[in-house]
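upload32.tsv (TSV, C-alpha atoms)
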```tsv
chain	number	residue	atom	x	y	z
Z	1	MET	CA	98.74	142.13	52.77
Z	2	ALA	CA	95.98	142.71	55.28
Z	3	ILE	CA	94.34	139.45	54.27
Z	4	LYS	CA	97.63	137.54	54.75
Z	5	ARG	CA	98.16	138.97	58.24
Z	6	ALA	CA	94.65	137.92	59.22
Z	7	THR	CA	95.35	134.44	57.91
Z	8	ASN	CA	98.55	134.14	59.96
Z	9	THR	CA	96.73	135.35	63.08
Z	10	ASN	CA	94.04	132.73	62.56
Z	11	LYS	CA	96.69	130.04	62.18
Z	12	ARG	CA	98.32	131.09	65.47
Z	13	LYS	CA	94.95	130.97	67.19
Z	14	GLN	CA	94.29	127.52	65.79
Z	15	ASN	CA	97.70	126.23	66.93
Z	16	LYS	CA	97.28	127.44	70.53
Z	17	PRO	CA	94.62	124.93	71.59
Z	18	LYS	CA	96.70	122.11	70.10
Z	19	SER	CA	99.61	123.06	72.38
Z	20	ASN	CA	97.35	123.09	75.47
Z	21	SER	CA	95.83	119.78	74.44
Z	22	SER	CA	99.27	118.21	74.09
Z	23	LEU	CA	100.28	119.40	77.59
Z	24	SER	CA	97.04	118.06	79.09
Z	25	LYS	CA	97.65	114.67	77.49
Z	26	LYS	CA	101.19	114.56	78.91
Z	27	ILE	CA	99.96	115.44	82.41
Z	28	LEU	CA	97.21	112.82	82.19
Z	29	SER	CA	99.77	110.28	81.01
Z	30	TRP	CA	102.05	111.06	83.97
Z	31	VAL	CA	99.15	110.81	86.41
Z	32	LEU	CA	98.04	107.46	84.99
Z	33	LYS	CA	101.60	106.13	85.08
Z	34	GLY	CA	101.92	107.31	88.70
Z	35	ILE	CA	98.69	105.56	89.69
Z	36	LEU	CA	99.73	102.34	87.94
Z	37	ALA	CA	103.16	102.49	89.59
Z	38	PHE	CA	101.54	102.99	93.02
Z	39	PHE	CA	99.31	99.95	92.58
Z	40	ALA	CA	102.13	97.82	91.18
Z	41	ILE	CA	104.58	98.72	93.96
Z	42	THR	CA	102.11	98.32	96.83
Z	43	ILE	CA	100.73	95.02	95.54
Z	44	LEU	CA	104.23	93.60	95.07
Z	45	TRP	CA	105.17	94.92	98.54
Z	46	VAL	CA	102.23	93.13	100.14
Z	47	ILE	CA	102.91	89.90	98.24
Z	48	ALA	CA	106.60	90.00	99.23
Z	49	LEU	CA	105.74	90.36	102.94
Z	50	ARG	CA	103.57	87.28	102.71
Z	51	PHE	CA	106.87	85.36	102.61
Z	52	ILE	CA	109.38	87.82	104.11
Z	53	ASN	CA	109.11	88.97	107.71
Z	54	PRO	CA	108.92	92.80	108.05
Z	55	PRO	CA	112.37	93.93	109.26
Z	56	ILE	CA	111.18	97.11	111.03
Z	57	THR	CA	108.21	99.47	111.15
Z	58	TYR	CA	107.73	103.24	111.11
Z	59	LEU	CA	106.40	103.15	114.69
Z	60	MET	CA	109.49	101.36	115.98
Z	61	LEU	CA	111.74	104.06	114.52
Z	62	GLN	CA	109.50	106.86	115.76
Z	63	ARG	CA	109.45	105.48	119.31
Z	64	GLY	CA	113.22	105.04	119.20
Z	65	PHE	CA	113.76	108.70	118.29
Z	66	GLU	CA	111.20	109.79	120.91
Z	67	ARG	CA	113.19	107.93	123.56
Z	68	LYS	CA	116.43	109.60	122.46
Z	69	GLU	CA	114.79	113.05	122.59
Z	70	ALA	CA	113.59	112.26	126.12
Z	71	GLY	CA	117.14	111.40	127.18
Z	72	LYS	CA	116.53	107.66	127.28
Z	73	GLU	CA	118.49	104.90	125.57
Z	74	TRP	CA	117.62	103.85	122.03
Z	75	LYS	CA	115.58	100.67	122.34
Z	76	ILE	CA	113.89	98.43	119.79
Z	77	ASP	CA	113.55	95.08	121.53
Z	78	ARG	CA	112.09	92.46	119.20
Z	79	LYS	CA	112.67	88.89	118.11
Z	80	TRP	CA	110.57	87.12	115.49
Z	81	LEU	CA	108.63	84.10	116.74
Z	82	ALA	CA	107.18	81.80	114.09
Z	83	TYR	CA	103.44	81.17	114.26
Z	84	GLU	CA	103.92	77.46	114.93
Z	85	ASP	CA	106.16	78.22	117.92
Z	86	MET	CA	103.84	80.81	119.42
Z	87	SER	CA	101.67	79.93	122.41
Z	88	ASP	CA	98.10	79.13	121.36
Z	89	ASN	CA	97.04	80.96	124.52
Z	90	LEU	CA	98.43	84.20	123.08
Z	91	LYS	CA	96.78	83.66	119.69
Z	92	ARG	CA	93.41	83.06	121.31
Z	93	ALA	CA	93.88	85.92	123.75
Z	94	ALA	CA	94.59	88.32	120.87
Z	95	ILE	CA	91.38	87.34	119.11
Z	96	ALA	CA	89.33	87.37	122.33
Z	97	GLY	CA	90.65	90.74	123.43
Z	98	GLU	CA	91.15	92.60	120.15
Z	99	ASP	CA	88.98	91.18	117.38
Z	100	ALA	CA	86.27	88.65	118.23
Z	101	HIS	CA	85.21	88.22	114.58
Z	102	PHE	CA	88.72	87.93	113.16
Z	103	MET	CA	88.12	84.48	111.67
Z	104	THR	CA	84.93	85.46	109.84
Z	105	HIS	CA	85.27	89.09	108.68
Z	106	ASN	CA	86.98	90.27	105.49
Z	107	GLY	CA	89.20	92.77	107.29
Z	108	PHE	CA	86.51	95.09	108.67
Z	109	ASP	CA	84.13	94.49	111.55
Z	110	THR	CA	81.13	96.63	110.57
Z	111	ASP	CA	79.37	96.11	113.91
Z	112	ALA	CA	82.42	97.27	115.87
Z	113	ILE	CA	82.88	100.27	113.56
Z	114	LYS	CA	79.22	101.24	114.01
Z	115	LYS	CA	79.42	100.96	117.82
Z	116	ALA	CA	82.65	102.96	117.90
Z	117	PHE	CA	81.09	105.67	115.74
Z	118	GLU	CA	78.00	105.89	117.97
Z	119	ARG	CA	80.13	106.04	121.10
Z	120	ASN	CA	82.29	108.79	119.64
Z	121	GLN	CA	79.22	110.74	118.50
Z	122	GLU	CA	77.86	110.63	122.05
Z	123	GLY	CA	81.01	112.37	123.22
Z	124	LYS	CA	82.29	109.41	125.20
Z	125	LYS	CA	85.94	108.42	125.29
Z	126	LEU	CA	87.20	107.94	121.74
Z	127	ARG	CA	87.60	104.33	120.77
Z	128	GLY	CA	88.29	102.79	117.40
Z	129	GLY	CA	86.72	99.79	115.73
Z	130	SER	CA	89.96	98.54	114.19
Z	131	THR	CA	90.35	94.84	113.51
Z	132	ILE	CA	93.57	92.84	113.79
Z	133	SER	CA	93.84	93.10	110.01
Z	134	GLN	CA	93.56	96.90	110.10
Z	135	GLN	CA	96.06	97.20	112.92
Z	136	THR	CA	98.49	94.97	111.02
Z	137	ALA	CA	98.12	97.05	107.87
Z	138	LYS	CA	98.71	100.27	109.84
Z	139	ASN	CA	101.73	98.93	111.74
Z	140	VAL	CA	103.50	97.31	108.81
Z	141	PHE	CA	102.83	99.72	105.94
Z	142	LEU	CA	101.90	103.10	107.45
Z	143	TRP	CA	102.48	105.63	110.22
Z	144	PRO	CA	100.56	105.97	113.54
Z	145	GLU	CA	99.26	109.57	113.39
Z	146	ARG	CA	95.57	109.82	112.54
Z	147	SER	CA	94.47	111.48	109.33
Z	148	TRP	CA	91.98	110.85	106.54
Z	149	LEU	CA	94.86	110.00	104.21
Z	150	ARG	CA	96.26	107.40	106.57
Z	151	LYS	CA	92.81	105.94	107.19
Z	152	GLY	CA	92.19	105.66	103.47
Z	153	LEU	CA	95.53	103.93	102.91
Z	154	GLU	CA	94.87	101.69	105.91
Z	155	THR	CA	91.63	100.57	104.27
Z	156	TYR	CA	93.46	99.91	101.01
Z	157	PHE	CA	96.28	97.88	102.61
Z	158	THR	CA	93.80	95.98	104.79
Z	159	GLY	CA	92.00	94.86	101.65
Z	160	LEU	CA	95.31	93.79	100.09
Z	161	ILE	CA	96.51	91.69	103.02
Z	162	GLU	CA	93.11	90.04	103.33
Z	163	LEU	CA	93.36	89.22	99.62
Z	164	PHE	CA	96.98	88.05	99.44
Z	165	TRP	CA	97.72	86.80	102.98
Z	166	SER	CA	96.06	84.06	104.99
Z	167	LYS	CA	94.46	84.71	108.39
Z	168	LYS	CA	97.35	82.74	109.85
Z	169	ARG	CA	99.91	85.08	108.29
Z	170	ILE	CA	98.01	88.19	109.37
Z	171	LEU	CA	97.89	87.01	112.99
Z	172	GLU	CA	101.55	85.94	112.90
Z	173	VAL	CA	102.71	89.34	111.63
Z	174	TYR	CA	100.40	91.19	114.04
Z	175	LEU	CA	101.76	89.37	117.09
Z	176	ASN	CA	105.34	90.00	115.99
Z	177	VAL	CA	105.27	93.72	115.17
Z	178	ILE	CA	102.80	95.42	117.50
Z	179	GLU	CA	104.02	97.60	120.36
Z	180	MET	CA	103.74	95.70	123.64
Z	181	GLY	CA	105.68	97.96	125.97
Z	182	GLN	CA	108.25	100.77	126.04
Z	183	GLY	CA	110.63	99.77	123.26
Z	184	VAL	CA	109.17	96.26	123.24
Z	185	TYR	CA	107.63	94.82	120.06
Z	186	GLY	CA	106.10	91.43	119.43
Z	187	ALA	CA	105.20	88.38	121.46
Z	188	GLU	CA	108.68	86.97	122.11
Z	189	ALA	CA	110.18	90.25	123.33
Z	190	ALA	CA	107.09	90.94	125.48
Z	191	ALA	CA	107.12	87.47	127.06
Z	192	GLN	CA	110.82	87.84	127.92
Z	193	TYR	CA	110.38	91.41	129.18
Z	194	TYR	CA	107.35	90.82	131.40
Z	195	PHE	CA	107.62	87.17	132.46
Z	196	HIS	CA	111.21	86.12	131.67
Z	197	LYS	CA	110.09	83.25	129.48
Z	198	SER	CA	109.56	82.52	125.80
Z	199	GLY	CA	106.37	83.37	123.97
Z	200	LYS	CA	106.13	79.64	123.32
Z	201	SER	CA	105.06	78.89	126.89
Z	202	LEU	CA	102.79	81.72	128.04
Z	203	THR	CA	99.95	80.73	130.34
Z	204	LYS	CA	96.41	81.95	129.70
Z	205	LYS	CA	96.69	84.69	132.31
Z	206	GLU	CA	100.11	85.85	131.11
Z	207	ALA	CA	98.90	85.98	127.52
Z	208	ALA	CA	95.74	87.81	128.59
Z	209	LEU	CA	97.75	90.39	130.55
Z	210	ILE	CA	99.94	91.17	127.51
Z	211	ILE	CA	96.88	91.59	125.28
Z	212	ALA	CA	95.06	93.62	127.95
Z	213	ILE	CA	97.67	96.40	127.86
Z	214	LEU	CA	97.67	96.78	124.05
Z	215	PRO	CA	95.38	99.83	123.92
Z	216	SER	CA	98.12	101.78	125.70
Z	217	PRO	CA	101.38	99.79	126.05
Z	218	GLN	CA	103.35	102.98	126.80
Z	219	LYS	CA	101.21	103.57	129.87
Z	220	TRP	CA	100.33	100.12	131.23
Z	221	ASP	CA	102.56	97.28	132.44
Z	222	ALA	CA	101.65	93.58	132.38
Z	223	ARG	CA	103.89	92.94	135.40
Z	224	ARG	CA	102.11	95.48	137.55
Z	225	PRO	CA	98.54	95.50	136.22
Z	226	SER	CA	96.06	98.05	137.49
Z	227	ALA	CA	92.62	96.94	138.65
Z	228	TYR	CA	91.25	97.78	135.21
Z	229	ILE	CA	93.90	95.72	133.39
Z	230	ASN	CA	93.31	92.80	135.76
Z	231	ARG	CA	89.57	92.88	135.05
Z	232	ARG	CA	90.21	93.05	131.33
Z	233	ALA	CA	92.69	90.16	131.49
Z	234	ASN	CA	90.32	88.04	133.57
Z	235	SER	CA	87.57	88.65	131.04
Z	236	ILE	CA	89.87	87.48	128.24
Z	237	VAL	CA	90.80	84.36	130.20
Z	238	ARG	CA	87.13	83.61	130.81
Z	239	TYR	CA	86.32	83.50	127.10
Z	240	ILE	CA	89.67	82.45	125.67
Z	241	ASN	CA	88.68	78.87	124.85
Z	242	TYR	CA	85.62	79.99	122.87
Z	243	TYR	CA	87.75	81.33	120.04
Z	244	LYS	CA	89.21	79.39	117.15
Z	245	ILE	CA	92.60	80.27	115.74
Z	246	PRO	CA	94.00	79.89	112.20
Z	247	GLU	CA	95.61	76.51	111.61
```

Written as structure tokens, how would this file's structure read?
Amino acid sequence: MAIKRATNTNKRKQNKPKSNSSLSKKILSWVLKGILAFFAITILWVIALRFINPPITYLMLQRGFERKEAGKEWKIDRKWLAYEDMSDNLKRAAIAGEDAHFMTHNGFDTDAIKKAFERNQEGKKLRGGSTISQQTAKNVFLWPERSWLRKGLETYFTGLIELFWSKKRILEVYLNVIEMGQGVYGAEAAAQYYFHKSGKSLTKKEAALIIAILPSPQKWDARRPSAYINRRANSIVRYINYYKIPE
């Protein structure tokens, strides 16, 4: 009898690892399926938005709720303007003021990132090295608050839009979704808000003023530019014709 009990105990001990192994395999299977689903969904999402205009962004909703909490009216002023109808002055101004190497980089400007890192390390005013592609990825697919998770996802989505979209599409989406004022998003809404005209007919200076306020559109106003914004806009105008735009 003693020998039989020992045998049963040994069998139970042998079965235990098999149960743990089975659970580990199930967990690994779920993790792998989750990763595959993430890649499949995000890739299809990016491909879809190559042809479909983004209806709204996280930032637009966040700003809308912030306005309501501050006792202001809900406001999301935007109107899509096709790339072909957009003023070439605005396209060139965006590249001149925001991303000088837009036409040649693969989504990341390593020189700008390096300079931004050095400036931040020196304790100077924090500035990013984000390209138009990175800003588009952040605005369309993610949320504005800074974190390592968001930055990692921003890198991932930047790579995807550079792979699946053209430079023309990236610039078109960028100029239609970015925040350009309090409750104002995109080129057409900004042109109407600041200059009472369509984004089709912006002059070089008007386009430069809109782009000049982009670092802080909640704070600055293209209609009443400060001395700093005027200098920035004049600098953009000076170099605007040096930049090529996607055709």

Practice task
Mind giving me the straight-line distance from atom CA of Z:Gly183 to atom CA of Z:His101 in Å, one decimal?
Solution key: 29.2 Å

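Minimum distance to Z:Gln62 across Z:Ser147, Z:Asn139, Z:Thr158, Z:Asn230 (counting only C-alpha atoms) occurs at Z:Asn139.
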
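Taking atom CA of Z:Gln218 as the reference point, atom CA of Z:Ser130 is found at 18.9 Å.
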
Exercise for the section: Name the closest residue to Z:Gly186 among the candidates Z:Gly64, Z:Pro54, Z:Gly152, Z:Pro225; distances are taken between atoms, counting only C-alpha atoms. Expected result: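 Comparing Z:Gly64, Z:Pro54, Z:Gly152, Z:Pro225 against Z:Gly186, the winner is Z:Pro54.
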
Practice task
Pick out the closest residue to Z:Gly199 from this set: Z:Tyr242, Z:Phe51, Z:Phe65, Z:Trp80. Count only C-alpha atoms.
Solution key: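 Between Z:Tyr242, Z:Phe51, Z:Phe65, Z:Trp80, the residue approaching Z:Gly199 most closely is Z:Trp80.
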
Handout entry: Residues near Z:Lys244, cut-off 12 Å, all atoms listed in the file, skip fewer than 2 positions along chain, as a ChimeraX atom specification
Key = /Z:88-96,99-104,167-168,239-242,246-247

Problem - Computed interatomic separation between atom CA of Z:Ile161 and atom CA of Z:Leu49 (Å) - result: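 We find that atom CA of Z:Ile161 and atom CA of Z:Leu49 lie 9.3 Å from each other.
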
Applying 12 Å and all atoms listed in the file, which residues near Z:Lys197 remain after dropping the ones on its own chain fewer than 3 positions away? List them as a PDB file with C-alpha atoms, in the frame of the given file.
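To be explicit, this is the file written out as part29.pdb:
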```pdb
ATOM      1  CA  SER Z  87     101.670  79.930 122.410  1.00  0.00           C
ATOM      2  CA  ALA Z 187     105.200  88.380 121.460  1.00  0.00           C
ATOM      3  CA  GLU Z 188     108.680  86.970 122.110  1.00  0.00           C
ATOM      4  CA  ALA Z 189     110.180  90.250 123.330  1.00  0.00           C
ATOM      5  CA  ALA Z 190     107.090  90.940 125.480  1.00  0.00           C
ATOM      6  CA  ALA Z 191     107.120  87.470 127.060  1.00  0.00           C
ATOM      7  CA  GLN Z 192     110.820  87.840 127.920  1.00  0.00           C
ATOM      8  CA  TYR Z 193     110.380  91.410 129.180  1.00  0.00           C
ATOM      9  CA  TYR Z 194     107.350  90.820 131.400  1.00  0.00           C
ATOM     10  CA  LYS Z 200     106.130  79.640 123.320  1.00  0.00           C
ATOM     11  CA  SER Z 201     105.060  78.890 126.890  1.00  0.00           C
ATOM     12  CA  LEU Z 202     102.790  81.720 128.040  1.00  0.00           C
ATOM     13  CA  THR Z 203      99.950  80.730 130.340  1.00  0.00           C
ATOM     14  CA  GLU Z 206     100.110  85.850 131.110  1.00  0.00           C
ATOM     15  CA  ALA Z 207      98.900  85.980 127.520  1.00  0.00           C
TER      16      ALA Z 207
END
```

Handout entry: Top pick for closest residue to Z:Ala137, considering Z:Leu149, Z:Ile76, Z:Ile211, Z:Val46 and counting only C-alpha atoms
Key =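 Among Z:Leu149, Z:Ile76, Z:Ile211, Z:Val46, it is Z:Val46 that comes nearest to Z:Ala137.
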
Practice task
Name the residues, using the chain letters and numbers of the file, that sit within 10 Å of (101.6, 83.4, 105.5) when counting all atoms listed in the file, and give them as a ChimeraX atom specification.
Solution key: /Z:47,49-53,83,164-173

Practice task
Give the answer as one residue: which of Z:Gln135, Z:Ser235, Z:Ser198, Z:Thr110 has the shortest atom-to-atom distance to Z:Pro215, using only C-alpha atoms?
Solution key: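 Counting only C-alpha atoms, the residue closest to Z:Pro215 is Z:Gln135.
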
Practice task
Counting all atoms listed in the file, note down every residue that has an atom within 10 Å of the point (103.9, 101.0, 126.0) (file coordinates), as an MDAnalysis selection string.
Solution key: chainID Z and resid 63 179:185 213:221

Handout entry: For Z:Trp143: contacts at 8 Å, only C-alpha atoms, fewer than 4 positions along chain excluded, given as number ranges by chain
Key = Z: 58-59, 138-139, 150

Centre, x/y/z edge lengths, axis-aligned box for stretch 60-79 of chain Z with 5 Å per side, as AutoDock Vina command-line options:
```
--center_x 114.0 --center_y 101.0 --center_z 120.9 --size_x 19.0 --size_y 34.2 --size_z 22.8
```

Problem - Among the residues Z:Asn106, Z:Asn20, Z:Thr131, Z:Thr57, the one that comes closest to Z:Leu163 [using only C-alpha atoms] - result: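 The closest residue to Z:Leu163 is Z:Asn106.
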